[in-house]
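Engineer: Take a look at the following structure, please.
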Amino acid sequence: MEKKKVLILGIGREGADSFVFLRKKFPKKKLFVADKKKYEDLDIKTKKLLGGKNIELFLGDDYLKNIKSFDVVLKSPGISLSSIKKYLGKKTKVTSQTELFFDNCPGMIIGITGTKGKSTTSSLIYAVLKEAGLKPYLVGNIETPSLSFLLKAKKKDIFVYELSSHQLQGLTMSPHIAVFLNIYPEHLDYYKNFKEYFLAKTNIVKYQKKNDYFIFNSKIKEISDLAKKAKSKKIEINPIDFAKFLKENQEFLEITHIDNLIAVLNVLKILNIKEEKIIKGFKKFKRPEHRLEFVGENKGIRFYDDSIATIPEATIFALDSLGSDVETLILGGYDRGIKYEKLGERLMKSNVKNLILFNPSGEKILKTVKGKKHVFVEDMKEAVKKCFQMTSKGKICLLSPASPSFGTFKDYKERGDLFKKYIKA
């Protein structure tokens, strides 16, 4: 890397971390950065980072035209490989922060992937390992870039790495402990089809060896079939394996989906974590924001923020978790072309009386249900106002959209933050 001509492609959170790592590792090396944003559109922090010497920038509409001249392109996960292929030189190597980290990390990597639940699962593993007095770090898709950790990483360190399909794509190494929670149609605006999306995920186990571990959800056929090809020690996610613990500690069933909880317990079992430390870690654990997060009670109504729910399966899980008190549900957003029939079936079996809908996917969701009071809204302020008007005291109003946020909101965080803002206001 030191003698190679390297381009950092994408200067978001991960790209900035890659820049810091390379600057510290090779202080005299000239660094190149390309991003579709124009310089005036970069935030102040990024402008400051790129304001030093020995830097050349390619910004704006033509940011890809020079990448063929580089030996190595360090690509951010949000940029698809297919979108840059035609611009690459014959000898240009495309790599990622995740690949560099895996190739050079001296410590243990615990990798967690799945369409839904990976942030909570990763955070829960990290919380218990910290309580147990080990040296864990929580990195990856959970918004803590990993590469700068390499500068001080030691053999005894444990990296709990949340891995998205984008980060797994192109990877040529797998973690020592790999966890595959679930797989549902998602990111089909990024991948050609579901098959390509799943294929990216398979790298979490593809390169494991016989002394590694693969914890997997055997109830999902694609994952079960993948496990048959694994060379590592295979562990199915099965509640029966921890029946005694779950019976004695039923309060922890509210933390996350039972399958995800069992996955966590399997990881902790491999690492020989004592039960008392597990219980302490679970009790101290706080669910990440926008993931079935209890916002509070206002005018007798309980509010839950599950803005991260961008697919129907996530909303179904939220309804299963919160039970019969959910009376009002905020649904809809960007239409990614997915089907909502299963969600409609679940809604018809639920006690949900009111649907507050965002278009364009709101129309599609409404077609799958009958007999529910509904209203369409254009912004979150109006949605929350309707929540107060339509929800009875003692009941729950749940934001769990089953759709991405694009169009009306910047991202799922802005959607959730506005939900919380107007509830408290």
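Labels used: A, B, ... for chains in the order of the structure tokens, numbers from 1 for residues in each chain, and numbers from 1 for ligands as shown.
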Write out, as JSON lines, each residue of segment 70-183 of chain A that has an atom at most 8 Å from segment 11-24 of chain A, together with the closest pair of atoms and their distance in Å to one decimal, counting only C-alpha atoms, rows going by chain and rising number.
Structural biologist:
{"residue": "A:Lys75", "atom": "CA", "partner": "A:Gly15", "partner_atom": "CA", "distance": 7.8}
{"residue": "A:Ser76", "atom": "CA", "partner": "A:Gly15", "partner_atom": "CA", "distance": 6.0}
{"residue": "A:Gln97", "atom": "CA", "partner": "A:Ser18", "partner_atom": "CA", "distance": 6.8}
{"residue": "A:Glu143", "atom": "CA", "partner": "A:Arg13", "partner_atom": "CA", "distance": 7.7}
{"residue": "A:Pro145", "atom": "CA", "partner": "A:Glu14", "partner_atom": "CA", "distance": 5.4}
{"residue": "A:Ser146", "atom": "CA", "partner": "A:Asp17", "partner_atom": "CA", "distance": 7.8}
{"residue": "A:Leu147", "atom": "CA", "partner": "A:Ser18", "partner_atom": "CA", "distance": 6.2}
{"residue": "A:Ser148", "atom": "CA", "partner": "A:Phe21", "partner_atom": "CA", "distance": 5.0}
{"residue": "A:Leu151", "atom": "CA", "partner": "A:Phe21", "partner_atom": "CA", "distance": 7.5}
Engineer: For the selection just defined, write its residues with N, CA, C and O atoms to a file, as an mmCIF file, in the first residue's frame.
Structural biologist:
data_model
loop_
_atom_site.group_PDB
_atom_site.id
_atom_site.type_symbol
_atom_site.label_atom_id
_atom_site.label_comp_id
_atom_site.auth_asym_id
_atom_site.auth_seq_id
_atom_site.Cartn_x
_atom_site.Cartn_y
_atom_site.Cartn_z
ATOM 1 N N LYS A 75 -12.722 1.562 -1.868
ATOM 2 C CA LYS A 75 -14.125 1.930 -2.125
ATOM 3 C C LYS A 75 -14.960 1.952 -0.846
ATOM 4 O O LYS A 75 -14.868 1.057 -0.019
ATOM 5 N N SER A 76 -15.795 2.970 -0.719
ATOM 6 C CA SER A 76 -16.768 3.022 0.372
ATOM 7 C C SER A 76 -17.914 2.060 0.068
ATOM 8 O O SER A 76 -18.262 1.846 -1.099
ATOM 9 N N GLN A 97 -12.410 -0.973 3.137
ATOM 10 C CA GLN A 97 -11.929 -0.856 4.509
ATOM 11 C C GLN A 97 -12.052 -2.192 5.240
ATOM 12 O O GLN A 97 -11.154 -2.610 5.969
ATOM 13 N N GLU A 143 -21.781 2.097 12.437
ATOM 14 C CA GLU A 143 -21.376 3.499 12.334
ATOM 15 C C GLU A 143 -20.068 3.825 13.035
ATOM 16 O O GLU A 143 -19.740 4.975 13.242
ATOM 17 N N PRO A 145 -16.393 3.154 12.012
ATOM 18 C CA PRO A 145 -15.456 2.581 11.045
ATOM 19 C C PRO A 145 -14.304 1.861 11.746
ATOM 20 O O PRO A 145 -13.897 2.242 12.848
ATOM 21 N N SER A 146 -13.777 0.839 11.093
ATOM 22 C CA SER A 146 -12.837 -0.066 11.765
ATOM 23 C C SER A 146 -11.366 0.239 11.543
ATOM 24 O O SER A 146 -10.524 -0.074 12.386
ATOM 25 N N LEU A 147 -11.018 0.852 10.412
ATOM 26 C CA LEU A 147 -9.631 0.858 9.971
ATOM 27 C C LEU A 147 -8.675 1.554 10.946
ATOM 28 O O LEU A 147 -7.562 1.069 11.183
ATOM 29 N N SER A 148 -9.094 2.673 11.531
ATOM 30 C CA SER A 148 -8.203 3.388 12.446
ATOM 31 C C SER A 148 -7.880 2.577 13.706
ATOM 32 O O SER A 148 -6.879 2.831 14.380
ATOM 33 N N LEU A 151 -4.339 0.696 14.035
ATOM 34 C CA LEU A 151 -3.116 1.366 14.463
ATOM 35 C C LEU A 151 -2.673 0.927 15.854
ATOM 36 O O LEU A 151 -1.482 0.942 16.168
#
Engineer: Show me, as number ranges by chain, the residues that have an atom within 10 Å of Asn249 of chain A when counting only C-alpha atoms, minus same-chain residues fewer than 5 positions from it.
Structural biologist: A: 243-244, 279
Engineer: With all heavy atoms retained, could you export that selection as a PDB file, in the first residue's frame?
Structural biologist:
ATOM      1  N   ALA A 243     -32.847 -23.341  27.038  1.00  0.00           N
ATOM      2  CA  ALA A 243     -34.194 -23.342  27.632  1.00  0.00           C
ATOM      3  C   ALA A 243     -34.167 -22.971  29.111  1.00  0.00           C
ATOM      4  O   ALA A 243     -34.997 -22.180  29.583  1.00  0.00           O
ATOM      5  CB  ALA A 243     -34.849 -24.711  27.435  1.00  0.00           C
ATOM      6  N   LYS A 244     -33.230 -23.517  29.863  1.00  0.00           N
ATOM      7  CA  LYS A 244     -33.137 -23.254  31.312  1.00  0.00           C
ATOM      8  C   LYS A 244     -32.839 -21.780  31.576  1.00  0.00           C
ATOM      9  O   LYS A 244     -33.492 -21.138  32.407  1.00  0.00           O
ATOM     10  CB  LYS A 244     -32.049 -24.122  31.935  1.00  0.00           C
ATOM     11  CG  LYS A 244     -31.920 -23.988  33.460  1.00  0.00           C
ATOM     12  CD  LYS A 244     -30.904 -24.984  33.986  1.00  0.00           C
ATOM     13  CE  LYS A 244     -30.742 -24.869  35.505  1.00  0.00           C
ATOM     14  NZ  LYS A 244     -30.078 -23.622  35.904  1.00  0.00           N
ATOM     15  N   ILE A 279     -25.849 -12.086  32.561  1.00  0.00           N
ATOM     16  CA  ILE A 279     -27.026 -11.452  33.162  1.00  0.00           C
ATOM     17  C   ILE A 279     -26.765  -9.977  33.453  1.00  0.00           C
ATOM     18  O   ILE A 279     -27.592  -9.110  33.159  1.00  0.00           O
ATOM     19  CB  ILE A 279     -27.443 -12.204  34.441  1.00  0.00           C
ATOM     20  CG1 ILE A 279     -27.983 -13.604  34.064  1.00  0.00           C
ATOM     21  CG2 ILE A 279     -28.481 -11.425  35.226  1.00  0.00           C
ATOM     22  CD1 ILE A 279     -28.207 -14.530  35.238  1.00  0.00           C
TER      23      ILE A 279
END
Engineer: With DSSP run on the backbone, what are the alpha helix (DSSP H) residues within segment 191-300 of chain A? I'd like them as a short mmCIF file (atom, residue, chain, number, x, y, z; two decimals) with N, CA, C and O atoms, in the first residue's frame.
Structural biologist:
data_model
loop_
_atom_site.label_atom_id
_atom_site.label_comp_id
_atom_site.auth_asym_id
_atom_site.auth_seq_id
_atom_site.Cartn_x
_atom_site.Cartn_y
_atom_site.Cartn_z
N PHE A 194 -32.23 -10.60 -5.70
CA PHE A 194 -32.05 -11.18 -4.37
C PHE A 194 -30.87 -12.14 -4.34
O PHE A 194 -30.14 -12.19 -3.34
N LYS A 195 -30.65 -12.87 -5.40
CA LYS A 195 -29.55 -13.84 -5.46
C LYS A 195 -28.21 -13.16 -5.28
O LYS A 195 -27.34 -13.64 -4.55
N GLU A 196 -28.02 -12.02 -5.95
CA GLU A 196 -26.76 -11.29 -5.84
C GLU A 196 -26.59 -10.72 -4.43
O GLU A 196 -25.48 -10.72 -3.88
N TYR A 197 -27.68 -10.25 -3.86
CA TYR A 197 -27.67 -9.74 -2.48
C TYR A 197 -27.24 -10.85 -1.51
O TYR A 197 -26.36 -10.65 -0.66
N PHE A 198 -27.86 -12.02 -1.63
CA PHE A 198 -27.52 -13.14 -0.76
C PHE A 198 -26.07 -13.58 -0.98
O PHE A 198 -25.35 -13.90 -0.02
N LEU A 199 -25.63 -13.59 -2.23
CA LEU A 199 -24.27 -14.01 -2.54
C LEU A 199 -23.24 -13.15 -1.81
O LEU A 199 -22.22 -13.66 -1.33
N ALA A 200 -23.49 -11.85 -1.73
CA ALA A 200 -22.59 -10.96 -0.99
C ALA A 200 -22.52 -11.36 0.47
O ALA A 200 -21.44 -11.39 1.09
N LYS A 201 -23.66 -11.73 1.05
CA LYS A 201 -23.73 -12.13 2.46
C LYS A 201 -22.94 -13.41 2.74
O LYS A 201 -22.43 -13.61 3.84
N ASN A 203 -20.12 -14.40 2.02
CA ASN A 203 -18.69 -14.26 2.33
C ASN A 203 -18.40 -14.29 3.82
O ASN A 203 -17.25 -14.46 4.22
N ILE A 204 -19.42 -14.15 4.64
CA ILE A 204 -19.21 -14.19 6.08
C ILE A 204 -18.74 -15.57 6.54
O ILE A 204 -18.08 -15.71 7.56
N VAL A 205 -19.05 -16.60 5.75
CA VAL A 205 -18.66 -17.97 6.11
C VAL A 205 -17.79 -18.65 5.05
O VAL A 205 -17.10 -19.62 5.34
N LYS A 206 -17.79 -18.12 3.87
CA LYS A 206 -17.14 -18.77 2.72
C LYS A 206 -15.68 -19.14 2.96
O LYS A 206 -15.21 -20.18 2.50
N LYS A 221 -34.09 -21.33 4.48
CA LYS A 221 -33.52 -22.33 3.58
C LYS A 221 -32.18 -21.92 2.99
O LYS A 221 -31.23 -22.71 2.95
N GLU A 222 -32.10 -20.67 2.51
CA GLU A 222 -30.85 -20.22 1.88
C GLU A 222 -29.67 -20.33 2.85
O GLU A 222 -28.58 -20.74 2.47
N ILE A 223 -29.91 -19.94 4.11
CA ILE A 223 -28.83 -19.98 5.11
C ILE A 223 -28.52 -21.43 5.49
O ILE A 223 -27.36 -21.80 5.68
N SER A 224 -29.54 -22.24 5.61
CA SER A 224 -29.35 -23.65 5.95
C SER A 224 -28.54 -24.37 4.87
O SER A 224 -27.64 -25.17 5.18
N ASP A 225 -28.85 -24.08 3.61
CA ASP A 225 -28.10 -24.68 2.50
C ASP A 225 -26.66 -24.20 2.50
O ASP A 225 -25.73 -24.97 2.18
N LEU A 226 -26.46 -22.93 2.82
CA LEU A 226 -25.11 -22.37 2.90
C LEU A 226 -24.29 -23.08 3.97
O LEU A 226 -23.10 -23.38 3.76
N ALA A 227 -24.91 -23.37 5.11
CA ALA A 227 -24.22 -24.02 6.22
C ALA A 227 -23.68 -25.40 5.84
O ALA A 227 -22.63 -25.83 6.35
N LYS A 228 -24.38 -26.07 4.95
CA LYS A 228 -23.94 -27.42 4.52
C LYS A 228 -22.59 -27.37 3.84
O LYS A 228 -21.85 -28.36 3.84
N LYS A 229 -22.26 -26.23 3.25
CA LYS A 229 -20.98 -26.10 2.54
C LYS A 229 -19.86 -25.57 3.45
O LYS A 229 -18.69 -25.55 3.04
N ALA A 243 -32.85 -23.34 27.04
CA ALA A 243 -34.19 -23.34 27.63
C ALA A 243 -34.17 -22.97 29.11
O ALA A 243 -35.00 -22.18 29.58
N LYS A 244 -33.23 -23.52 29.86
CA LYS A 244 -33.14 -23.25 31.31
C LYS A 244 -32.84 -21.78 31.58
O LYS A 244 -33.49 -21.14 32.41
N PHE A 245 -31.87 -21.22 30.85
CA PHE A 245 -31.51 -19.81 31.02
C PHE A 245 -32.70 -18.91 30.70
O PHE A 245 -32.99 -17.96 31.43
N LEU A 246 -33.40 -19.20 29.61
CA LEU A 246 -34.52 -18.37 29.19
C LEU A 246 -35.69 -18.46 30.17
O LEU A 246 -36.37 -17.46 30.42
N LYS A 247 -35.91 -19.63 30.73
CA LYS A 247 -36.99 -19.81 31.69
C LYS A 247 -36.73 -19.02 32.96
O LYS A 247 -37.65 -18.43 33.55
N GLU A 248 -35.47 -18.97 33.38
CA GLU A 248 -35.10 -18.28 34.62
C GLU A 248 -34.91 -16.77 34.40
O GLU A 248 -34.85 -16.01 35.38
N ILE A 258 -36.10 -13.60 19.62
CA ILE A 258 -35.59 -14.79 20.30
C ILE A 258 -34.42 -15.42 19.53
O ILE A 258 -33.43 -15.85 20.13
N ASP A 259 -34.50 -15.46 18.20
CA ASP A 259 -33.40 -16.04 17.40
C ASP A 259 -32.11 -15.25 17.58
O ASP A 259 -31.02 -15.83 17.69
N ASN A 260 -32.24 -13.94 17.61
CA ASN A 260 -31.05 -13.10 17.78
C ASN A 260 -30.46 -13.27 19.17
O ASN A 260 -29.23 -13.29 19.36
N LEU A 261 -31.32 -13.40 20.17
CA LEU A 261 -30.87 -13.60 21.54
C LEU A 261 -30.11 -14.92 21.67
O LEU A 261 -29.07 -14.99 22.32
N ILE A 262 -30.63 -15.97 21.03
CA ILE A 262 -29.96 -17.28 21.05
C ILE A 262 -28.62 -17.21 20.35
O ILE A 262 -27.63 -17.82 20.78
N ALA A 263 -28.55 -16.44 19.26
CA ALA A 263 -27.28 -16.25 18.56
C ALA A 263 -26.24 -15.63 19.48
O ALA A 263 -25.08 -16.05 19.53
N VAL A 264 -26.67 -14.62 20.23
CA VAL A 264 -25.78 -13.96 21.20
C VAL A 264 -25.29 -14.96 22.24
O VAL A 264 -24.10 -15.03 22.54
N LEU A 265 -26.21 -15.74 22.79
CA LEU A 265 -25.85 -16.71 23.83
C LEU A 265 -24.87 -17.76 23.29
O LEU A 265 -23.97 -18.21 24.01
N ASN A 266 -25.01 -18.13 22.03
CA ASN A 266 -24.08 -19.07 21.42
C ASN A 266 -22.67 -18.49 21.31
O ASN A 266 -21.68 -19.17 21.58
N VAL A 267 -22.58 -17.22 20.92
CA VAL A 267 -21.28 -16.55 20.85
C VAL A 267 -20.62 -16.53 22.23
O VAL A 267 -19.44 -16.85 22.39
N LEU A 268 -21.41 -16.16 23.24
CA LEU A 268 -20.88 -16.06 24.61
C LEU A 268 -20.47 -17.42 25.15
O LEU A 268 -19.51 -17.52 25.93
N LYS A 269 -21.16 -18.45 24.74
CA LYS A 269 -20.81 -19.82 25.15
C LYS A 269 -19.47 -20.23 24.57
O LYS A 269 -18.63 -20.82 25.26
N ILE A 270 -19.25 -19.91 23.30
CA ILE A 270 -17.96 -20.21 22.65
C ILE A 270 -16.81 -19.54 23.39
O ILE A 270 -15.73 -20.12 23.56
N GLU A 275 -22.31 -17.12 33.34
CA GLU A 275 -23.71 -16.71 33.31
C GLU A 275 -23.96 -15.42 34.09
O GLU A 275 -24.76 -14.58 33.67
N GLU A 276 -23.27 -15.23 35.18
CA GLU A 276 -23.49 -14.02 35.99
C GLU A 276 -23.08 -12.77 35.22
O GLU A 276 -23.72 -11.71 35.35
N LYS A 277 -22.04 -12.89 34.39
CA LYS A 277 -21.61 -11.76 33.57
C LYS A 277 -22.61 -11.50 32.44
O LYS A 277 -22.87 -10.35 32.07
N ILE A 278 -23.18 -12.57 31.90
CA ILE A 278 -24.18 -12.43 30.85
C ILE A 278 -25.39 -11.69 31.39
O ILE A 278 -25.89 -10.74 30.76
N ILE A 279 -25.85 -12.09 32.56
CA ILE A 279 -27.03 -11.45 33.16
C ILE A 279 -26.76 -9.98 33.45
O ILE A 279 -27.59 -9.11 33.16
N LYS A 280 -25.59 -9.67 33.99
CA LYS A 280 -25.23 -8.28 34.29
C LYS A 280 -25.17 -7.45 33.00
O LYS A 280 -25.64 -6.31 32.94
N GLY A 281 -24.56 -8.03 31.97
CA GLY A 281 -24.45 -7.33 30.69
C GLY A 281 -25.80 -7.08 30.05
O GLY A 281 -26.06 -5.99 29.54
N PHE A 282 -26.68 -8.08 30.12
CA PHE A 282 -28.03 -7.93 29.58
C PHE A 282 -28.81 -6.84 30.32
O PHE A 282 -29.55 -6.08 29.70
N LYS A 283 -28.66 -6.80 31.63
CA LYS A 283 -29.40 -5.80 32.43
C LYS A 283 -28.95 -4.38 32.14
O LYS A 283 -29.74 -3.44 32.19
N LYS A 284 -27.67 -4.22 31.83
CA LYS A 284 -27.13 -2.88 31.55
C LYS A 284 -27.36 -2.44 30.10
O LYS A 284 -27.22 -1.26 29.77
#
Engineer: Might you pull out every residue within 7 Å of Val375 of chain A, with only C-alpha atoms counted and same-chain residues fewer than 5 positions away left off, and present them as a PDB file with all heavy atoms, in the first residue's frame?
Structural biologist:
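Wrote it out as around_35.pdb, contents follow:
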ATOM      1  N   LEU A 355     -54.178   3.067  10.904  1.00  0.00           N
ATOM      2  CA  LEU A 355     -52.977   3.117  10.082  1.00  0.00           C
ATOM      3  C   LEU A 355     -52.742   4.548   9.623  1.00  0.00           C
ATOM      4  O   LEU A 355     -53.631   5.173   9.046  1.00  0.00           O
ATOM      5  CB  LEU A 355     -53.119   2.210   8.857  1.00  0.00           C
ATOM      6  CG  LEU A 355     -53.394   0.726   9.114  1.00  0.00           C
ATOM      7  CD1 LEU A 355     -53.540  -0.015   7.780  1.00  0.00           C
ATOM      8  CD2 LEU A 355     -52.317   0.091   9.968  1.00  0.00           C
ATOM      9  N   ILE A 356     -51.550   5.055   9.900  1.00  0.00           N
ATOM     10  CA  ILE A 356     -51.138   6.373   9.423  1.00  0.00           C
ATOM     11  C   ILE A 356     -50.108   6.122   8.340  1.00  0.00           C
ATOM     12  O   ILE A 356     -49.056   5.532   8.598  1.00  0.00           O
ATOM     13  CB  ILE A 356     -50.568   7.224  10.573  1.00  0.00           C
ATOM     14  CG1 ILE A 356     -51.662   7.451  11.627  1.00  0.00           C
ATOM     15  CG2 ILE A 356     -50.028   8.553  10.053  1.00  0.00           C
ATOM     16  CD1 ILE A 356     -51.169   8.103  12.889  1.00  0.00           C
ATOM     17  N   LEU A 357     -50.393   6.545   7.118  1.00  0.00           N
ATOM     18  CA  LEU A 357     -49.642   6.077   5.959  1.00  0.00           C
ATOM     19  C   LEU A 357     -48.893   7.184   5.217  1.00  0.00           C
ATOM     20  O   LEU A 357     -49.438   8.262   4.982  1.00  0.00           O
ATOM     21  CB  LEU A 357     -50.596   5.382   4.981  1.00  0.00           C
ATOM     22  CG  LEU A 357     -51.359   4.175   5.548  1.00  0.00           C
ATOM     23  CD1 LEU A 357     -52.533   3.826   4.638  1.00  0.00           C
ATOM     24  CD2 LEU A 357     -50.434   2.988   5.714  1.00  0.00           C
TER      25      LEU A 357
END
Engineer: Measuring atom to atom with only C-alpha atoms, identify which of A:Lys367, A:Lys353, A:Lys68, A:Lys152 is nearest to Ser392 of chain A.
Structural biologist: A:Lys353
Engineer: If you run DSSP on the backbone here, which positions in segment 114-172 of chain A get strand (DSSP E or B)? Please write them as a list of chain:residue names.
Structural biologist: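 The strand (DSSP E or B) subset of segment 114-172 of chain A is A:Pro136, A:Tyr137, A:Leu138, A:Val139, A:Gly140, A:Thr144, A:Ile158, A:Phe159, A:Val160, A:Tyr161, A:Glu162.
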Engineer: For Gly332 of chain A, which of A:Ala402, A:Leu81, A:Met108, A:Ile158 is the closest residue, counting only C-alpha atoms?
Structural biologist: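 Comparing A:Ala402, A:Leu81, A:Met108, A:Ile158 against Gly332 of chain A, the winner is A:Ala402.
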Engineer: Suppose you want the space between atom CA of Val326 of chain A and atom CA of Ser350 of chain A; what is it in Å?
Structural biologist: 8.3 Å
Engineer: Which is closer to Ala178 of chain A than all the others in A:Leu42, A:Ile308, A:Ile109, A:Leu398, using only C-alpha atoms?
Structural biologist: A:Ile109
Engineer: Which is closest to Pro288 of chain A among A:Gly117, A:Pro239, A:Gly10, A:Gly323, if we use only C-alpha atoms?
Structural biologist: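 Looking only at the distances to Pro288 of chain A, the closest residue turns out to be A:Gly117.
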Engineer: Can you tell me which residues surround Ser80 of chain A at a distance of at most 12 Å, considering only C-alpha atoms, apart from same-chain residues fewer than 2 positions away, and format the answer as number ranges by chain?
Structural biologist: A: 9-10, 75-78, 82-85, 94-96, 165-167, 169-170, 187-192, 197, 200
Engineer: Can you spit out the residues from that selection as an mmCIF file, in the first residue's frame, using N, CA and C atoms?
Structural biologist:
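Printed below is selection23.cif as written:
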data_model
loop_
_atom_site.group_PDB
_atom_site.id
_atom_site.type_symbol
_atom_site.label_atom_id
_atom_site.label_comp_id
_atom_site.auth_asym_id
_atom_site.auth_seq_id
_atom_site.Cartn_x
_atom_site.Cartn_y
_atom_site.Cartn_z
ATOM 1 N N LEU A 9 -12.252 6.258 -2.526
ATOM 2 C CA LEU A 9 -13.459 6.547 -3.302
ATOM 3 C C LEU A 9 -14.658 6.658 -2.361
ATOM 4 N N GLY A 10 -15.104 7.897 -2.149
ATOM 5 C CA GLY A 10 -16.190 8.171 -1.201
ATOM 6 C C GLY A 10 -15.620 8.700 0.099
ATOM 7 N N LYS A 75 -12.722 1.562 -1.868
ATOM 8 C CA LYS A 75 -14.125 1.930 -2.125
ATOM 9 C C LYS A 75 -14.960 1.952 -0.846
ATOM 10 N N SER A 76 -15.795 2.970 -0.719
ATOM 11 C CA SER A 76 -16.768 3.022 0.372
ATOM 12 C C SER A 76 -17.914 2.060 0.068
ATOM 13 N N PRO A 77 -18.543 1.466 1.101
ATOM 14 C CA PRO A 77 -19.568 0.443 0.874
ATOM 15 C C PRO A 77 -20.815 0.945 0.143
ATOM 16 N N GLY A 78 -21.107 2.241 0.235
ATOM 17 C CA GLY A 78 -22.304 2.764 -0.407
ATOM 18 C C GLY A 78 -22.193 2.870 -1.923
ATOM 19 N N SER A 82 -20.615 -2.399 -9.479
ATOM 20 C CA SER A 82 -21.126 -2.338 -10.854
ATOM 21 C C SER A 82 -21.124 -0.912 -11.413
ATOM 22 N N SER A 83 -21.274 0.080 -10.526
ATOM 23 C CA SER A 83 -21.338 1.476 -10.983
ATOM 24 C C SER A 83 -19.980 2.045 -11.373
ATOM 25 N N ILE A 84 -18.892 1.387 -10.966
ATOM 26 C CA ILE A 84 -17.549 1.915 -11.268
ATOM 27 C C ILE A 84 -16.738 1.008 -12.202
ATOM 28 N N LYS A 85 -17.268 -0.185 -12.496
ATOM 29 C CA LYS A 85 -16.517 -1.182 -13.264
ATOM 30 C C LYS A 85 -15.966 -0.638 -14.577
ATOM 31 N N VAL A 94 -9.667 -3.163 -6.658
ATOM 32 C CA VAL A 94 -10.682 -2.523 -5.825
ATOM 33 C C VAL A 94 -10.731 -3.253 -4.494
ATOM 34 N N THR A 95 -10.552 -2.521 -3.438
ATOM 35 C CA THR A 95 -10.605 -3.108 -2.102
ATOM 36 C C THR A 95 -11.525 -2.259 -1.227
ATOM 37 N N SER A 96 -11.621 -2.633 0.040
ATOM 38 C CA SER A 96 -12.507 -1.915 0.965
ATOM 39 C C SER A 96 -11.859 -1.826 2.327
ATOM 40 N N SER A 165 -24.199 -6.282 3.739
ATOM 41 C CA SER A 165 -23.908 -6.981 2.479
ATOM 42 C C SER A 165 -22.876 -6.203 1.674
ATOM 43 N N HIS A 166 -22.933 -4.862 1.744
ATOM 44 C CA HIS A 166 -21.995 -4.021 0.989
ATOM 45 C C HIS A 166 -20.562 -4.237 1.488
ATOM 46 N N GLN A 167 -20.406 -4.376 2.805
ATOM 47 C CA GLN A 167 -19.074 -4.587 3.377
ATOM 48 C C GLN A 167 -18.566 -6.001 3.115
ATOM 49 N N GLN A 169 -19.350 -7.835 0.424
ATOM 50 C CA GLN A 169 -19.141 -8.055 -1.005
ATOM 51 C C GLN A 169 -17.666 -7.892 -1.363
ATOM 52 N N GLY A 170 -17.102 -8.897 -2.001
ATOM 53 C CA GLY A 170 -15.702 -8.839 -2.414
ATOM 54 C C GLY A 170 -14.720 -9.273 -1.348
ATOM 55 N N HIS A 187 -32.309 -4.021 -0.321
ATOM 56 C CA HIS A 187 -31.252 -3.382 -1.123
ATOM 57 C C HIS A 187 -31.319 -3.787 -2.598
ATOM 58 N N LEU A 188 -32.532 -4.042 -3.093
ATOM 59 C CA LEU A 188 -32.647 -4.466 -4.485
ATOM 60 C C LEU A 188 -32.493 -3.301 -5.462
ATOM 61 N N ASP A 189 -32.284 -2.106 -4.927
ATOM 62 C CA ASP A 189 -31.914 -0.967 -5.757
ATOM 63 C C ASP A 189 -30.395 -0.902 -5.931
ATOM 64 N N TYR A 190 -29.675 -1.701 -5.160
ATOM 65 C CA TYR A 190 -28.207 -1.751 -5.175
ATOM 66 C C TYR A 190 -27.725 -2.994 -5.921
ATOM 67 N N TYR A 191 -28.430 -4.112 -5.691
ATOM 68 C CA TYR A 191 -28.071 -5.382 -6.333
ATOM 69 C C TYR A 191 -29.031 -5.696 -7.481
ATOM 70 N N LYS A 192 -28.570 -6.523 -8.416
ATOM 71 C CA LYS A 192 -29.393 -6.898 -9.571
ATOM 72 C C LYS A 192 -30.656 -7.637 -9.139
ATOM 73 N N TYR A 197 -27.682 -10.255 -3.858
ATOM 74 C CA TYR A 197 -27.665 -9.745 -2.477
ATOM 75 C C TYR A 197 -27.242 -10.845 -1.506
ATOM 76 N N ALA A 200 -23.490 -11.852 -1.729
ATOM 77 C CA ALA A 200 -22.589 -10.962 -0.991
ATOM 78 C C ALA A 200 -22.522 -11.365 0.474
#
Engineer: Report as JSON, numbers by chain all protein, DNA and RNA residues lying within 12 Å of Ile142 of chain A, evaluated on only C-alpha atoms, omitting residues in the same chain fewer than 3 positions from it.
Structural biologist: {"A": [13, 14, 111, 112, 113, 117, 118, 119, 120, 121, 122, 123, 126, 137, 138, 139, 145, 146, 160, 161, 162, 163, 164, 167, 288, 289]}
Engineer: Compile the contact shell of Ala153 of chain A as number ranges by chain: residues with an atom at most 9 Å away, counting only C-alpha atoms, same-chain residues fewer than 2 positions apart removed.
Structural biologist: A: 105-107, 149-151, 155-157
Engineer: So that I can check the surroundings of segment 63-66 of chain A, please list as a ChimeraX atom specification every protein, DNA and RNA residue that reaches within 9 Å of it, counting only C-alpha atoms and ignoring chain neighbours fewer than 2 positions away.
Structural biologist: /A:9,34-37,57-61,68-70,84,87-88
Engineer: So how far away is atom CA of Phe214 of chain A from atom CA of Pro175 of chain A, in Å?
Structural biologist: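 Going from atom CA of Pro175 of chain A over to atom CA of Phe214 of chain A covers 9.2 Å.
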Engineer: In Å, rounded to a single decimal, give me how far atom CA of Gly300 of chain A is from atom CA of Lys424 of chain A.
Structural biologist: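 Taking atom CA of Lys424 of chain A as the start and atom CA of Gly300 of chain A as the end point, the length is 12.9 Å.
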